[in-house]
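Right, one structure below, let's go through it.
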Amino acid sequence: MRKHCLKLTLAAAVLAAPVLALPVPSTIGYQGRLYDASGTNPVNGTLSVVFSIYAAATGGTAVWTETQSVTFTNGYFAVQLGSVTSLVGAFDGTTRWLGVAVGTDPEMTPRGAIASVPYALSASPDTRFGQNTSLAAAGSGATCTLGAVWLTAGVVAGGTPAAGQILSISANTALFSLLGTTYGGDGKTTFALPDLRGAAPNGLTYVICATAGVFPARS
């Protein structure tokens, strides 16, 4: 049985910063007011709240989730999403939706669309390198060090474009020993490459030495 309802929620997502911009926050501010099931009595106290981000307004599997212990005062609360679990990889430039589950309640409906903060909307991309980003195809070149990331201007890269791909651990044991599940994957059969498409200057591509490199050695 649902015990709570949420009103007046506000969410703000930080989008990728343009080249040469100052660092942006790594968390998302989220605030609102929680009422009991009647919708008239604000909640007081501390409750466990699960926040989840999805790629769709309904259904699907969360692309990110974290649990916080949230204090409510006359129903009001404010949290920083990403303060428990990193938001790296949660956003790819498409619309994302936030789901909230309070205590033992099922997740509230409907999910809320995550919008951008004003300064992110007004930030213009650096156009000195053209209008396209991350266009290089994977290729072979000089021997590289596994896990090393390069920035290339060529249409064929000496590595694998760093686009958040999910890889098999059994086929990439050396690289998995370096990256682990920092960028995603279940850590049992899969792991992920970093997704640097949003960080690459226009027309350039970040690539990672993923398959044909040498294992790094300590000096």
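Quick note on naming: the chains in the structure tokens go A, B, ... in the order shown, residues restart at 1 in each chain, and ligands are numbered from 1 in order of appearance.
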
message: Please return, as a ChimeraX atom specification, all residues of stretch 30-170 of chain A that DSSP assigns to alpha helix (DSSP H) on the basis of the backbone.
response: /A:118-122

Output C-alpha atoms of each residue in that selection to a file, as an mmCIF file, in the first residue's frame.
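As a result, result_30.cif now contains:
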```cif
data_model
loop_
_atom_site.group_PDB
_atom_site.id
_atom_site.type_symbol
_atom_site.label_atom_id
_atom_site.label_comp_id
_atom_site.auth_asym_id
_atom_site.auth_seq_id
_atom_site.Cartn_x
_atom_site.Cartn_y
_atom_site.Cartn_z
ATOM 1 C CA PRO A 118 20.043 27.440 -17.320
ATOM 2 C CA TYR A 119 23.803 27.887 -17.746
ATOM 3 C CA ALA A 120 24.086 24.481 -19.420
ATOM 4 C CA LEU A 121 21.368 25.425 -21.900
ATOM 5 C CA SER A 122 23.176 28.622 -22.851
#
```

message: Could you go through stretch 23-156 of chain A and tell me which residues DSSP, when run on the backbone, assigns to strand (DSSP E), listing them as a PyMOL selection string?
response: chain A and resi 28-36+45-54+64-72+76-81+97-102+112-113+149-152

Generate a file of the selected residues that holds C-alpha atoms, formatted as a CSV table (one decimal), in the first residue's frame.
```
chain,number,residue,atom,x,y,z
A,28,ILE,CA,22.2,16.9,-9.4
A,29,GLY,CA,20.3,19.0,-7.0
A,30,TYR,CA,16.8,17.6,-6.2
A,31,GLN,CA,14.3,19.0,-3.8
A,32,GLY,CA,10.6,18.8,-3.1
A,33,ARG,CA,7.9,18.1,-0.4
A,34,LEU,CA,6.7,14.7,0.7
A,35,TYR,CA,3.1,14.1,2.0
A,36,ASP,CA,1.4,11.1,3.4
A,45,GLY,CA,11.5,12.3,10.1
A,46,THR,CA,14.2,10.4,8.3
A,47,LEU,CA,13.4,7.8,5.6
A,48,SER,CA,15.3,5.6,3.2
A,49,VAL,CA,14.7,6.8,-0.4
A,50,VAL,CA,15.8,5.1,-3.6
A,51,PHE,CA,16.5,7.4,-6.5
A,52,SER,CA,16.7,5.8,-10.0
A,53,ILE,CA,17.4,7.2,-13.5
A,54,TYR,CA,15.8,5.7,-16.5
A,64,TRP,CA,21.6,4.5,-12.4
A,65,THR,CA,20.4,4.1,-8.9
A,66,GLU,CA,21.3,5.1,-5.4
A,67,THR,CA,19.8,4.9,-1.9
A,68,GLN,CA,20.0,7.9,0.5
A,69,SER,CA,18.8,8.4,4.1
A,70,VAL,CA,16.7,11.6,3.7
A,71,THR,CA,15.5,13.9,6.4
A,72,PHE,CA,12.1,15.5,5.9
A,76,TYR,CA,10.5,19.5,2.7
A,77,PHE,CA,13.8,17.9,1.6
A,78,ALA,CA,16.8,18.6,-0.5
A,79,VAL,CA,19.4,16.0,-1.7
A,80,GLN,CA,22.3,15.8,-4.1
A,81,LEU,CA,21.9,12.9,-6.5
A,97,TRP,CA,13.7,10.2,-16.2
A,98,LEU,CA,13.9,10.2,-12.4
A,99,GLY,CA,12.0,7.6,-10.3
A,100,VAL,CA,11.6,7.9,-6.5
A,101,ALA,CA,10.7,5.2,-4.0
A,102,VAL,CA,10.2,6.1,-0.4
A,112,GLY,CA,9.9,13.1,-13.7
A,113,ALA,CA,11.8,14.2,-16.8
A,149,VAL,CA,43.3,7.2,-23.8
A,150,TRP,CA,44.2,9.2,-26.8
A,151,LEU,CA,42.6,12.1,-28.6
A,152,THR,CA,42.6,11.8,-32.4
```

- prompt: When distances are computed from only C-alpha atoms, which of A:Val88, A:Val43, A:Val63, A:Ala137 shows the smallest separation from A:Tyr206?
  reply: A:Ala137

Nearest to A:Thr109, chosen from A:Gly59, A:Gly89, A:Gly82, A:Pro194, with only C-alpha atoms counted in the distances: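 Nearest candidate to A:Thr109 out of A:Gly59, A:Gly89, A:Gly82, A:Pro194: A:Gly59.
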
Near A:Gly154, counting only C-alpha atoms, which residues have an atom at most 9 Å away, once you skip same-chain residues fewer than 5 positions from it, shown as a tab-separated table (two decimals) with C-alpha atoms, in the first residue's frame?
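Heads up, here's the output in selection_4.tsv:
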```
chain	number	residue	atom	x	y	z
A	135	LEU	CA	33.57	10.21	-35.79
A	136	ALA	CA	36.71	8.06	-35.93
A	137	ALA	CA	36.43	4.33	-36.50
A	204	LEU	CA	37.82	14.83	-32.59
A	205	THR	CA	37.51	11.42	-30.96
```

field: d(atom CA of A:Thr94, atom CA of A:Lys188) in Å
entry: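 For atom CA of A:Thr94 relative to atom CA of A:Lys188, the distance reads 28.0 Å.
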
query: Excluding same-chain residues fewer than 2 positions from A:Gly147, what lies within 8 Å of it counting only C-alpha atoms, as a PyMOL selection string?
result: chain A and resi 145+149+175+178-179+208-210

Go ahead and save the picked residues with N, CA and C atoms, as a tab-separated table (two decimals), in the first residue's frame.
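again14.tsv, written as the output of this step:
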```
chain	number	residue	atom	x	y	z
A	145	THR	N	49.53	1.28	-24.75
A	145	THR	CA	49.43	0.69	-23.42
A	145	THR	C	47.96	0.50	-23.07
A	149	VAL	N	44.26	6.46	-22.99
A	149	VAL	CA	43.27	7.19	-23.78
A	149	VAL	C	43.98	8.24	-24.62
A	175	LEU	N	42.50	-5.96	-19.72
A	175	LEU	CA	41.90	-4.64	-19.62
A	175	LEU	C	40.94	-4.56	-18.43
A	178	LEU	N	42.46	-3.71	-15.22
A	178	LEU	CA	42.82	-2.29	-15.07
A	178	LEU	C	41.60	-1.41	-14.81
A	179	LEU	N	40.50	-1.67	-15.51
A	179	LEU	CA	39.32	-0.80	-15.43
A	179	LEU	C	38.30	-1.27	-14.40
A	208	ILE	N	40.46	4.57	-26.74
A	208	ILE	CA	41.14	3.87	-25.66
A	208	ILE	C	41.84	2.64	-26.22
A	209	CYS	N	43.04	2.38	-25.73
A	209	CYS	CA	43.76	1.17	-26.12
A	209	CYS	C	43.10	0.01	-25.38
A	210	ALA	N	42.33	-0.80	-26.11
A	210	ALA	CA	41.49	-1.79	-25.46
A	210	ALA	C	41.80	-3.22	-25.83
```
